[in-house]
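Participant: Next up, input_38.csv (CSV, C-alpha atoms).
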chain,number,residue,atom,x,y,z
E,22,MET,CA,126.0,105.6,49.7
E,23,ASN,CA,127.5,104.4,53.0
E,24,ARG,CA,128.8,106.4,56.0
E,25,TYR,CA,132.4,106.4,54.8
E,26,GLU,CA,131.6,107.6,51.4
E,27,PHE,CA,129.4,110.3,52.9
E,28,GLU,CA,132.2,111.5,55.2
E,29,ASP,CA,134.6,111.5,52.3
E,30,LEU,CA,132.4,113.8,50.3
E,31,ILE,CA,131.5,116.4,53.0
E,32,SER,CA,134.1,119.0,51.9
E,33,ASP,CA,133.3,118.5,48.2
E,34,TYR,CA,129.7,119.1,49.0
E,35,ILE,CA,130.3,122.2,51.0
E,36,GLU,CA,132.7,123.6,48.3
E,37,ASN,CA,130.2,122.7,45.6
E,38,SER,CA,132.6,120.6,43.6
E,39,LEU,CA,130.5,117.4,43.4
E,40,SER,CA,129.0,116.2,40.1
E,41,LEU,CA,125.3,116.6,39.7
E,42,SER,CA,124.6,112.9,40.2
E,43,LYS,CA,126.9,112.6,43.2
E,44,ARG,CA,125.3,115.7,44.7
E,45,LYS,CA,121.8,114.2,44.4
E,46,GLU,CA,123.1,111.0,46.0
E,47,PHE,CA,124.6,113.0,48.8
E,48,GLU,CA,121.5,115.0,49.5
E,49,ASN,CA,119.4,111.8,49.5
E,50,TYR,CA,121.7,110.5,52.2
E,51,LEU,CA,121.2,113.7,54.2
E,52,THR,CA,117.4,113.5,54.1
E,53,GLU,CA,117.5,109.9,55.3
E,54,ASP,CA,119.9,110.7,58.2
E,55,PRO,CA,119.3,113.9,60.2
E,56,GLU,CA,122.6,113.3,62.1
E,57,ALA,CA,124.4,113.5,58.8
E,58,GLN,CA,122.9,116.9,58.2
E,59,SER,CA,124.1,118.0,61.6
E,60,LEU,CA,127.6,116.8,60.9
E,61,VAL,CA,127.7,118.8,57.6
E,62,ASP,CA,126.5,121.9,59.4
E,63,HIS,CA,129.2,121.5,62.1
E,64,VAL,CA,131.9,121.1,59.5
E,65,HIS,CA,130.7,124.2,57.7
E,66,SER,CA,130.6,126.1,60.9
E,67,THR,CA,134.2,125.0,61.7
E,68,MET,CA,135.4,126.2,58.3
E,69,ASP,CA,133.8,129.6,58.9
E,70,GLN,CA,135.5,129.8,62.4
E,71,LEU,CA,138.9,129.1,60.8
E,72,ARG,CA,138.4,131.7,58.1
E,73,ASN,CA,137.4,134.3,60.7
E,74,ILE,CA,140.2,133.5,63.0
E,75,GLN,CA,142.0,136.6,64.3
E,76,GLN,CA,144.8,137.6,61.9
E,77,VAL,CA,148.2,138.0,63.4
E,78,LYS,CA,150.4,140.8,61.9
E,79,VAL,CA,154.1,141.6,62.0
E,80,SER,CA,155.3,144.4,64.2
E,81,ASP,CA,155.8,147.9,62.9
E,82,ARG,CA,159.6,147.6,63.0
E,83,PHE,CA,159.5,144.4,60.8
E,84,ASN,CA,160.9,146.1,57.7
E,85,GLU,CA,163.4,148.1,59.6
E,86,ARG,CA,164.8,145.0,61.3
E,87,LEU,CA,164.9,143.1,58.0
E,88,MET,CA,166.8,146.0,56.4
E,89,SER,CA,169.4,146.0,59.1
E,90,ARG,CA,169.8,142.2,59.0
E,91,ILE,CA,170.3,142.3,55.2
E,92,LYS,CA,173.0,145.0,55.7
E,93,ASN,CA,174.7,143.0,58.4
E,94,GLU,CA,174.4,139.5,56.9
E,95,LYS,CA,175.0,140.0,53.3
E,96,LEU,CA,178.4,141.8,53.8
E,97,PRO,CA,180.4,138.6,54.6
E,98,HIS,CA,179.1,137.0,51.5
E,99,ARG,CA,180.6,139.7,49.4
E,100,LEU,CA,184.0,139.6,51.1
E,101,LYS,CA,184.3,135.8,50.8
E,102,PRO,CA,186.9,134.8,48.2
E,103,VAL,CA,185.3,133.0,45.2
E,104,SER,CA,187.3,129.8,45.6
E,105,GLY,CA,187.0,129.8,49.4
E,106,GLN,CA,190.8,129.1,49.5
E,107,LYS,CA,193.5,131.1,51.3
E,108,THR,CA,195.8,133.1,49.1
E,109,PHE,CA,199.2,134.7,49.6
E,110,MET,CA,199.7,138.0,47.7
E,111,GLY,CA,197.1,136.8,45.2
E,112,PHE,CA,198.6,133.3,44.7
E,113,THR,CA,197.3,130.1,46.0
E,114,PRO,CA,199.8,128.2,48.3
E,115,VAL,CA,200.9,125.9,45.4
E,116,TYR,CA,201.5,128.7,43.0
E,117,ALA,CA,203.2,130.8,45.6
E,118,SER,CA,205.7,128.1,46.4
E,119,LEU,CA,206.3,127.4,42.7
E,120,MET,CA,207.0,131.0,42.0
E,121,THR,CA,209.4,131.3,45.0
E,122,GLY,CA,211.3,128.3,43.8
E,123,LEU,CA,211.5,129.6,40.3
E,124,THR,CA,212.8,133.0,41.4
E,125,ILE,CA,215.5,131.5,43.6
E,126,ALA,CA,216.6,129.2,40.7
E,127,LEU,CA,216.8,132.2,38.3
E,128,LEU,CA,218.8,134.2,40.9
E,129,PHE,CA,221.3,131.4,41.3
E,130,VAL,CA,221.8,130.9,37.6
E,131,SER,CA,222.3,134.6,36.9
E,132,MET,CA,224.8,134.7,39.8
E,133,GLN,CA,226.7,131.9,38.2
E,134,LEU,CA,226.7,133.4,34.7
E,135,PHE,CA,227.8,136.9,35.7
E,136,SER,CA,230.2,136.2,38.5
E,137,PRO,CA,233.8,137.6,37.7
E,138,ASP,CA,235.5,135.0,40.0
E,139,MET,CA,234.0,132.1,38.3
E,140,ASP,CA,237.3,130.7,36.7
E,141,THR,CA,239.5,130.7,39.8
E,142,SER,CA,236.8,129.6,42.1
E,143,THR,CA,235.9,126.5,40.1
E,144,SER,CA,239.3,125.5,38.6
E,145,GLN,CA,241.5,125.5,41.7
E,146,ASN,CA,242.3,122.5,43.8
E,147,GLN,CA,240.5,119.8,41.9
E,148,PHE,CA,241.1,116.0,41.9
E,149,TYR,CA,240.8,113.8,38.9
E,150,ALA,CA,239.7,110.2,38.6
E,151,ASN,CA,243.2,108.9,37.7
E,152,ASP,CA,244.9,110.6,40.7
E,153,PRO,CA,246.3,108.3,43.4
E,154,VAL,CA,244.1,107.8,46.4
E,155,PRO,CA,245.5,110.1,49.2
E,156,THR,CA,246.9,108.4,52.3
E,157,LEU,CA,248.0,109.8,55.7
E,158,SER,CA,251.7,109.4,54.8
E,159,SER,CA,251.4,111.0,51.4
E,160,PRO,CA,248.7,113.6,51.5
E,161,ALA,CA,247.1,114.3,48.2
E,162,THR,CA,248.4,117.3,46.3
E,163,PRO,CA,245.8,118.6,44.1
E,164,ARG,CA,246.8,118.9,40.5
E,165,VAL,CA,247.2,122.6,39.7
E,166,ASN,CA,246.1,123.7,36.3
E,167,PRO,CA,248.9,125.0,34.1
E,168,LYS,CA,249.4,128.7,33.9
E,169,PRO,CA,248.5,130.4,30.6
E,170,GLN,CA,252.1,131.0,29.5
E,171,ASP,CA,253.0,127.4,30.1
E,172,LEU,CA,250.2,126.4,27.8
E,173,ALA,CA,251.5,128.7,25.1
E,174,GLU,CA,254.9,127.1,25.3
E,175,ALA,CA,253.5,123.6,25.2
E,176,GLU,CA,251.5,124.5,22.1
E,177,GLU,CA,254.6,125.9,20.4
E,178,ASP,CA,256.6,122.8,21.3
E,179,SER,CA,254.0,120.5,19.9
E,180,LEU,CA,253.7,122.5,16.7
E,181,ASP,CA,257.5,122.3,16.3
E,182,GLU,CA,257.5,118.6,16.8
E,183,ASN,CA,254.8,118.1,14.3
E,184,SER,CA,256.4,120.3,11.7
E,185,ALA,CA,259.7,118.5,12.1
E,186,ASN,CA,258.3,115.1,11.7
E,187,LEU,CA,256.1,115.8,8.7
E,188,PRO,CA,257.7,115.3,5.2
E,189,LYS,CA,257.8,118.4,3.2
E,190,LYS,CA,255.7,118.2,0.0
E,191,ASP,CA,256.5,119.8,-3.3
E,192,TYR,CA,253.4,121.6,-4.7
E,193,THR,CA,255.2,123.5,-7.4
E,194,LYS,CA,254.2,121.2,-10.2
E,195,ARG,CA,250.6,121.2,-9.1
E,196,ILE,CA,250.2,125.0,-9.0
E,197,HIS,CA,249.3,126.6,-12.3
E,198,LEU,CA,249.2,130.3,-12.5
E,199,VAL,CA,246.9,132.1,-14.9
E,200,ASN,CA,249.7,133.2,-17.3
E,201,ASP,CA,251.5,129.8,-17.3
D,12,MET,CA,166.9,150.5,49.3
D,13,SER,CA,164.1,152.0,51.3
D,14,LEU,CA,161.7,149.6,53.1
D,15,ASP,CA,158.9,152.0,53.6
D,16,LYS,CA,155.3,150.7,53.9
D,17,ARG,CA,153.9,152.3,50.9
D,18,HIS,CA,151.0,150.5,49.5
D,19,SER,CA,151.4,151.0,45.8
D,20,PRO,CA,148.9,149.5,43.5
D,21,PHE,CA,149.7,145.9,42.6
D,22,VAL,CA,150.6,146.4,39.0
D,23,TYR,CA,153.1,143.5,38.8
D,24,THR,CA,152.4,139.9,39.5
D,25,ASP,CA,154.5,138.1,42.1
D,26,GLU,CA,156.4,136.3,39.3
D,27,GLN,CA,157.2,139.6,37.6
D,28,LEU,CA,158.4,141.1,40.8
D,29,ILE,CA,160.8,138.3,41.6
D,30,ALA,CA,162.1,138.5,38.0
D,31,ARG,CA,162.8,142.2,38.5
D,32,PHE,CA,164.4,141.4,41.8
D,33,GLN,CA,166.6,138.8,40.2
D,34,ALA,CA,167.6,141.4,37.7
D,35,GLY,CA,168.7,143.7,40.6
D,36,ASP,CA,165.7,145.8,41.3
D,37,GLU,CA,165.6,145.9,45.2
D,38,GLN,CA,162.4,147.9,45.2
D,39,ALA,CA,160.7,144.8,43.8
D,40,TYR,CA,162.0,142.8,46.8
D,41,VAL,CA,160.4,145.4,49.2
D,42,GLU,CA,157.1,145.0,47.3
D,43,LEU,CA,157.2,141.2,47.8
D,44,VAL,CA,158.0,141.6,51.5
D,45,ASN,CA,155.1,144.0,51.9
D,46,ARG,CA,152.8,141.6,50.1
D,47,TYR,CA,153.7,138.5,52.0
D,48,ARG,CA,154.9,139.5,55.5
D,49,ASP,CA,151.5,139.4,57.2
D,50,ARG,CA,150.2,136.3,55.3
D,51,LEU,CA,153.4,134.4,56.3
D,52,MET,CA,153.2,135.7,59.8
D,53,ASN,CA,149.6,134.4,60.1
D,54,PHE,CA,150.7,131.0,58.6
D,55,VAL,CA,153.8,130.5,60.8
D,56,PHE,CA,151.9,131.7,63.9
D,57,GLN,CA,149.5,128.7,63.5
D,58,PHE,CA,152.5,126.4,63.8
D,59,LEU,CA,154.4,128.0,66.6
D,60,GLY,CA,151.8,129.9,68.6
D,61,ASP,CA,154.3,132.5,69.6
D,62,THR,CA,154.3,136.0,68.1
D,63,GLU,CA,158.0,136.8,68.6
D,64,GLN,CA,159.2,133.5,67.3
D,65,SER,CA,156.8,133.6,64.4
D,66,GLU,CA,158.1,137.0,63.4
D,67,ASP,CA,161.7,135.7,63.6
D,68,VAL,CA,160.8,132.9,61.2
D,69,VAL,CA,159.1,135.3,58.8
D,70,GLN,CA,162.3,137.5,59.0
D,71,ASP,CA,164.4,134.4,58.2
D,72,THR,CA,162.1,133.6,55.3
D,73,MET,CA,162.5,137.1,53.8
D,74,LEU,CA,166.2,136.9,54.4
D,75,LYS,CA,166.4,133.6,52.5
D,76,LEU,CA,164.3,135.2,49.7
D,77,TYR,CA,167.0,137.9,49.5
D,78,GLU,CA,169.9,135.6,49.6
D,79,LYS,CA,168.6,132.8,47.4
D,80,LYS,CA,166.6,134.8,44.9
D,81,HIS,CA,168.3,133.1,42.0
D,82,TYR,CA,167.1,129.7,43.2
D,83,TYR,CA,163.6,130.6,42.1
D,84,ARG,CA,162.6,129.3,38.7
D,85,GLU,CA,159.4,130.4,37.0
D,86,ILE,CA,158.2,126.8,36.7
D,87,ALA,CA,156.5,127.2,40.1
D,88,LYS,CA,154.3,130.0,41.5
D,89,PHE,CA,156.2,132.4,43.7
D,90,SER,CA,153.6,132.0,46.5
D,91,THR,CA,154.1,128.3,46.7
D,92,TRP,CA,157.9,128.8,46.8
D,93,ILE,CA,157.8,131.3,49.6
D,94,TYR,CA,155.3,129.3,51.6
D,95,THR,CA,157.5,126.3,51.3
D,96,ILE,CA,160.5,128.2,52.6
D,97,ALA,CA,158.4,129.5,55.6
D,98,ARG,CA,157.0,126.0,56.3
D,99,ASN,CA,160.4,124.4,56.3
D,100,LEU,CA,161.8,127.1,58.6
D,101,ALA,CA,158.8,126.8,60.9
D,102,ASN,CA,159.3,123.0,61.1
D,103,THR,CA,163.0,123.5,61.9
D,104,GLU,CA,162.0,125.8,64.7
D,105,LEU,CA,159.5,123.2,66.0
D,106,ARG,CA,162.2,120.6,66.0
D,107,LYS,CA,164.6,122.9,67.9
D,108,ARG,CA,161.8,123.5,70.4
D,109,LYS,CA,161.2,119.8,70.9
D,110,ARG,CA,165.0,119.3,71.4
D,111,ARG,CA,165.0,122.1,74.0
D,112,LYS,CA,162.0,120.3,75.6
D,113,VAL,CA,160.1,123.6,76.0
D,114,THR,CA,156.6,122.8,77.2
D,115,VAL,CA,154.0,124.6,75.2
D,116,LEU,CA,150.3,124.3,75.4
D,117,SER,CA,150.1,122.3,72.2
D,118,GLN,CA,152.4,119.6,73.6
D,119,MET,CA,150.4,119.1,76.8
D,120,THR,CA,148.2,116.1,77.3
D,121,ARG,CA,144.4,116.6,77.0
D,122,ASP,CA,144.1,116.5,80.8
D,123,GLU,CA,146.7,119.2,81.2
D,124,ARG,CA,145.0,121.4,78.6
D,125,GLU,CA,141.6,121.0,80.3
D,126,TYR,CA,143.3,122.0,83.5
D,127,GLU,CA,144.9,125.1,82.0
D,128,LEU,CA,142.1,126.4,80.0
D,129,PRO,CA,139.7,127.6,82.7
D,130,ALA,CA,142.3,130.1,83.7
D,131,VAL,CA,141.9,132.0,80.4
D,132,GLN,CA,138.2,131.3,80.0
D,133,PRO,CA,136.4,134.6,80.1
D,134,GLU,CA,133.5,135.3,82.4
D,135,THR,CA,131.9,138.1,80.3
D,136,GLY,CA,132.6,140.2,77.3
D,137,GLN,CA,132.2,139.5,73.6
D,138,GLU,CA,135.8,140.4,72.8
D,139,VAL,CA,137.3,138.1,75.4
D,140,GLU,CA,135.0,135.4,74.3
D,141,SER,CA,136.2,135.6,70.8
D,142,GLN,CA,139.8,135.6,72.1
D,143,TYR,CA,139.0,132.5,74.0
D,144,ALA,CA,137.5,130.9,70.9
D,145,ALA,CA,140.5,131.8,68.8
D,146,LYS,CA,142.7,130.2,71.5
D,147,ARG,CA,140.6,127.1,71.5
D,148,ILE,CA,140.8,126.9,67.7
D,149,GLN,CA,144.6,127.3,67.8
D,150,ILE,CA,144.9,124.6,70.4
D,151,ALA,CA,142.7,122.3,68.3
D,152,ILE,CA,144.9,123.0,65.2
D,153,HIS,CA,148.1,122.3,67.1
D,154,ALA,CA,146.6,119.0,68.3
D,155,LEU,CA,146.2,117.8,64.7
D,156,PRO,CA,148.8,115.4,63.2
D,157,GLU,CA,151.5,117.3,61.2
D,158,HIS,CA,150.2,116.2,57.8
D,159,PHE,CA,146.7,117.5,58.6
D,160,LYS,CA,147.8,120.7,60.3
D,161,THR,CA,149.7,122.2,57.3
D,162,VAL,CA,147.0,121.5,54.8
D,163,ILE,CA,144.2,122.8,56.9
D,164,ILE,CA,146.1,126.0,57.7
D,165,LEU,CA,146.9,126.6,54.1
D,166,ARG,CA,143.3,125.9,52.9
D,167,ASP,CA,141.0,127.3,55.6
D,168,ILE,CA,143.1,130.1,57.1
D,169,GLN,CA,145.4,131.1,54.2
D,170,GLU,CA,142.7,130.2,51.6
D,171,LEU,CA,145.1,128.8,49.0
D,172,SER,CA,143.9,126.6,46.2
D,173,TYR,CA,144.2,122.8,46.4
D,174,GLU,CA,146.7,122.9,43.5
D,175,ASP,CA,149.0,125.4,45.4
D,176,ILE,CA,148.8,123.3,48.6
D,177,SER,CA,149.7,120.2,46.6
D,178,SER,CA,152.8,122.0,45.3
D,179,ILE,CA,153.8,123.3,48.8
D,180,VAL,CA,153.5,120.0,50.6
D,181,GLY,CA,154.5,117.9,47.7
D,182,VAL,CA,151.7,115.4,47.7
D,183,PRO,CA,149.1,114.6,45.1
D,184,LEU,CA,146.0,116.6,44.8
D,185,GLY,CA,143.7,113.8,45.8
D,186,THR,CA,145.7,113.2,49.0
D,187,VAL,CA,145.5,116.9,49.8
D,188,LYS,CA,141.7,116.9,49.4
D,189,SER,CA,141.4,113.8,51.5
D,190,ARG,CA,143.6,115.2,54.3
D,191,ILE,CA,141.7,118.5,54.4
D,192,ASN,CA,138.4,116.7,54.7
D,193,ARG,CA,139.7,114.5,57.5
D,194,ALA,CA,141.2,117.5,59.3
D,195,ARG,CA,137.9,119.3,59.2
D,196,LEU,CA,136.1,116.4,60.6
D,197,GLN,CA,138.6,116.1,63.5
D,198,LEU,CA,138.4,119.8,64.2
D,199,GLN,CA,134.7,119.9,64.3
D,200,ALA,CA,134.8,117.1,66.8
D,201,ASP,CA,137.3,119.0,69.0
D,202,LEU,CA,135.4,122.3,68.8
D,203,LYS,CA,131.9,120.9,69.4
D,204,ASP,CA,131.6,122.7,72.7
D,205,LEU,CA,132.4,126.1,71.2
D,206,ARG,CA,129.1,126.2,69.2
What is this structure when it is put down as structure tokens?

Facilitator:
Amino acid sequence: MNRYEFEDLISDYIENSLSLSKRKEFENYLTEDPEAQSLVDHVHSTMDQLRNIQQVKVSDRFNERLMSRIKNEKLPHRLKPVSGQKTFMGFTPVYASLMTGLTIALLFVSMQLFSPDMDTSTSQNQFYANDPVPTLSSPATPRVNPKPQDLAEAEEDSLDENSANLPKKDYTKRIHLVND
Amino acid sequence: MSLDKRHSPFVYTDEQLIARFQAGDEQAYVELVNRYRDRLMNFVFQFLGDTEQSEDVVQDTMLKLYEKKHYYREIAKFSTWIYTIARNLANTELRKRKRRKVTVLSQMTRDEREYELPAVQPETGQEVESQYAAKRIQIAIHALPEHFKTVIILRDIQELSYEDISSIVGVPLGTVKSRINRARLQLQADLKDLR
């Protein structure tokens, strides 16, 4: 056994964890070198000093302080939203804006459906594709929709025209009554 | 939750207590605090050498235990887990201290230490002598390289097993044994004049 091997095994020797053969080898080295024995004694003594070092303890108010820190520091964790994202009336910003848009659209559609002035407001003063392009000298006069009674007259006229033009057919020979 | 200092008989193991705490039993937390507060205080104090700062670190350790209780898994011993937290927090405190450039005794050169020490060296009295010896040991520990310091504190002051130390510092068992042996040799050389 050389010096390095000896030094490496000092702790194992003191803690009694050497195999029997190694222990014998170690003790032989000690008997041959008195300085080695002194080193082992010093290491042993140092270990004892460390074990008997004055123990430091926490203060009497340790638990009390800890208790108040737990109370103060755990509260924000509980209040923190799970996602960590800001919300508006329970909705995330994306959903909040989508919901707002949808509501406005619904309101607009329902106003259009149930408004009593719908016919007049949309049918008056319209231009059509075949109308002449208005100029400064002849300002455009919007085509006014015909009044309901005019339409009725027009329909009657057209019916009369059609009935006049069509040849009258004789269906008498084609009709067979039950008793005939 | 009451944090009284009752010393009830230790019927539960640490692992059983943390399991109960994870299930919502806060009294189990109090029991763990009572078991470990002084051990951790003694451990952290060897790193920082300041009672108030050490207590703050132990407080932070216990607070982390409270907040991160679900991070503990039973694959490791509770003691190694809590010591690892305390060690990391103590190291963080040491790094902060270095940044602040606070001069502590452990950071002084050998000459500075030899200059300072006679001021606290006692003339008479056994108690004062033992205080002086404790101070010398503390200085010698602080002077050790970081990887020696942690293992020697855990082994010779905290009296943990080699296996637990290996888990805490995250190095193989053989390395831990070798480091402890080397640290003891260095300490005995530094503390020769105390004998």

Participant: Using only C-alpha atoms, I'd like a table of the residues in chain D that come within 7 Å of chain E; for each, show the closest atom pair and its distance in Å rounded to one decimal, ordered by chain and ascending number, as JSON lines.

Facilitator:
{"residue": "D:Leu14", "atom": "CA", "partner": "E:Asn84", "partner_atom": "CA", "distance": 5.8}
{"residue": "D:Arg48", "atom": "CA", "partner": "E:Val79", "partner_atom": "CA", "distance": 6.9}
{"residue": "D:Asp49", "atom": "CA", "partner": "E:Lys78", "partner_atom": "CA", "distance": 5.0}
{"residue": "D:Met52", "atom": "CA", "partner": "E:Lys78", "partner_atom": "CA", "distance": 6.2}
{"residue": "D:Asn53", "atom": "CA", "partner": "E:Val77", "partner_atom": "CA", "distance": 5.1}
{"residue": "D:Glu66", "atom": "CA", "partner": "E:Val79", "partner_atom": "CA", "distance": 6.3}
{"residue": "D:Gln70", "atom": "CA", "partner": "E:Leu87", "partner_atom": "CA", "distance": 6.3}
{"residue": "D:Leu74", "atom": "CA", "partner": "E:Ile91", "partner_atom": "CA", "distance": 6.8}
{"residue": "D:Ala145", "atom": "CA", "partner": "E:Ile74", "partner_atom": "CA", "distance": 6.1}
{"residue": "D:Asp167", "atom": "CA", "partner": "E:Arg72", "partner_atom": "CA", "distance": 5.7}
{"residue": "D:Ile168", "atom": "CA", "partner": "E:Arg72", "partner_atom": "CA", "distance": 5.1}
{"residue": "D:Asn192", "atom": "CA", "partner": "E:Ser32", "partner_atom": "CA", "distance": 5.6}
{"residue": "D:Arg195", "atom": "CA", "partner": "E:Val64", "partner_atom": "CA", "distance": 6.3}
{"residue": "D:Leu196", "atom": "CA", "partner": "E:Val64", "partner_atom": "CA", "distance": 6.4}
{"residue": "D:Gln199", "atom": "CA", "partner": "E:Val64", "partner_atom": "CA", "distance": 5.7}

Participant: For atom CA of D:Ala39 and atom CA of D:Glu26, quote the distance in Å rounded to one decimal.

Facilitator: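 Computing it gives 10.5 Å between the two atoms.
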
Participant: Just the residues within 7 Å of stretch 96-102 of chain D, please, counting all atoms listed in the file, with nothing from its chain fewer than 6 positions along; format it as a list in words.

Facilitator: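 Selected residues are Val55, Phe58, Val68, Val69 and Thr72 of chain D.
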
Participant: Could you write out the selected residues, including C-alpha atoms, as a CSV table (one decimal), in the coordinates of the input?

Facilitator:
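Below is the file selection25.csv, written as the result:
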chain,number,residue,atom,x,y,z
D,55,VAL,CA,153.8,130.5,60.8
D,58,PHE,CA,152.5,126.4,63.8
D,68,VAL,CA,160.8,132.9,61.2
D,69,VAL,CA,159.1,135.3,58.8
D,72,THR,CA,162.1,133.6,55.3

Participant: Please determine, counting only C-alpha atoms, which residue among D:Asn45, D:Gln142, D:Gln57, D:Thr62 has the shortest atom-to-atom distance to D:Ile164.

Facilitator: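 Of all the options, D:Gln57 lies closest to D:Ile164.
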
Participant: Would you kindly return, as a list in words, each protein, DNA or RNA residue with an atom no farther than 7 Å from any atom of stretch 176-188 of chain D, considering all atoms listed in the file and excluding same-chain residues fewer than 6 positions away?

Facilitator: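 The residues satisfying every condition are Thr91, Tyr94, Thr95, Val162 and Leu165 of chain D.
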
Participant: For a quick check of understanding, using only C-alpha atoms, which of E:Leu128, E:Arg44, E:Phe27, E:Thr113 has the smallest distance to E:Gln58?

Facilitator: E:Phe27

Participant: Between atom CA of D:Asp61 and atom CA of E:Ser89, what is the distance in Å, rounded to a tenth?

Facilitator: 22.8 Å
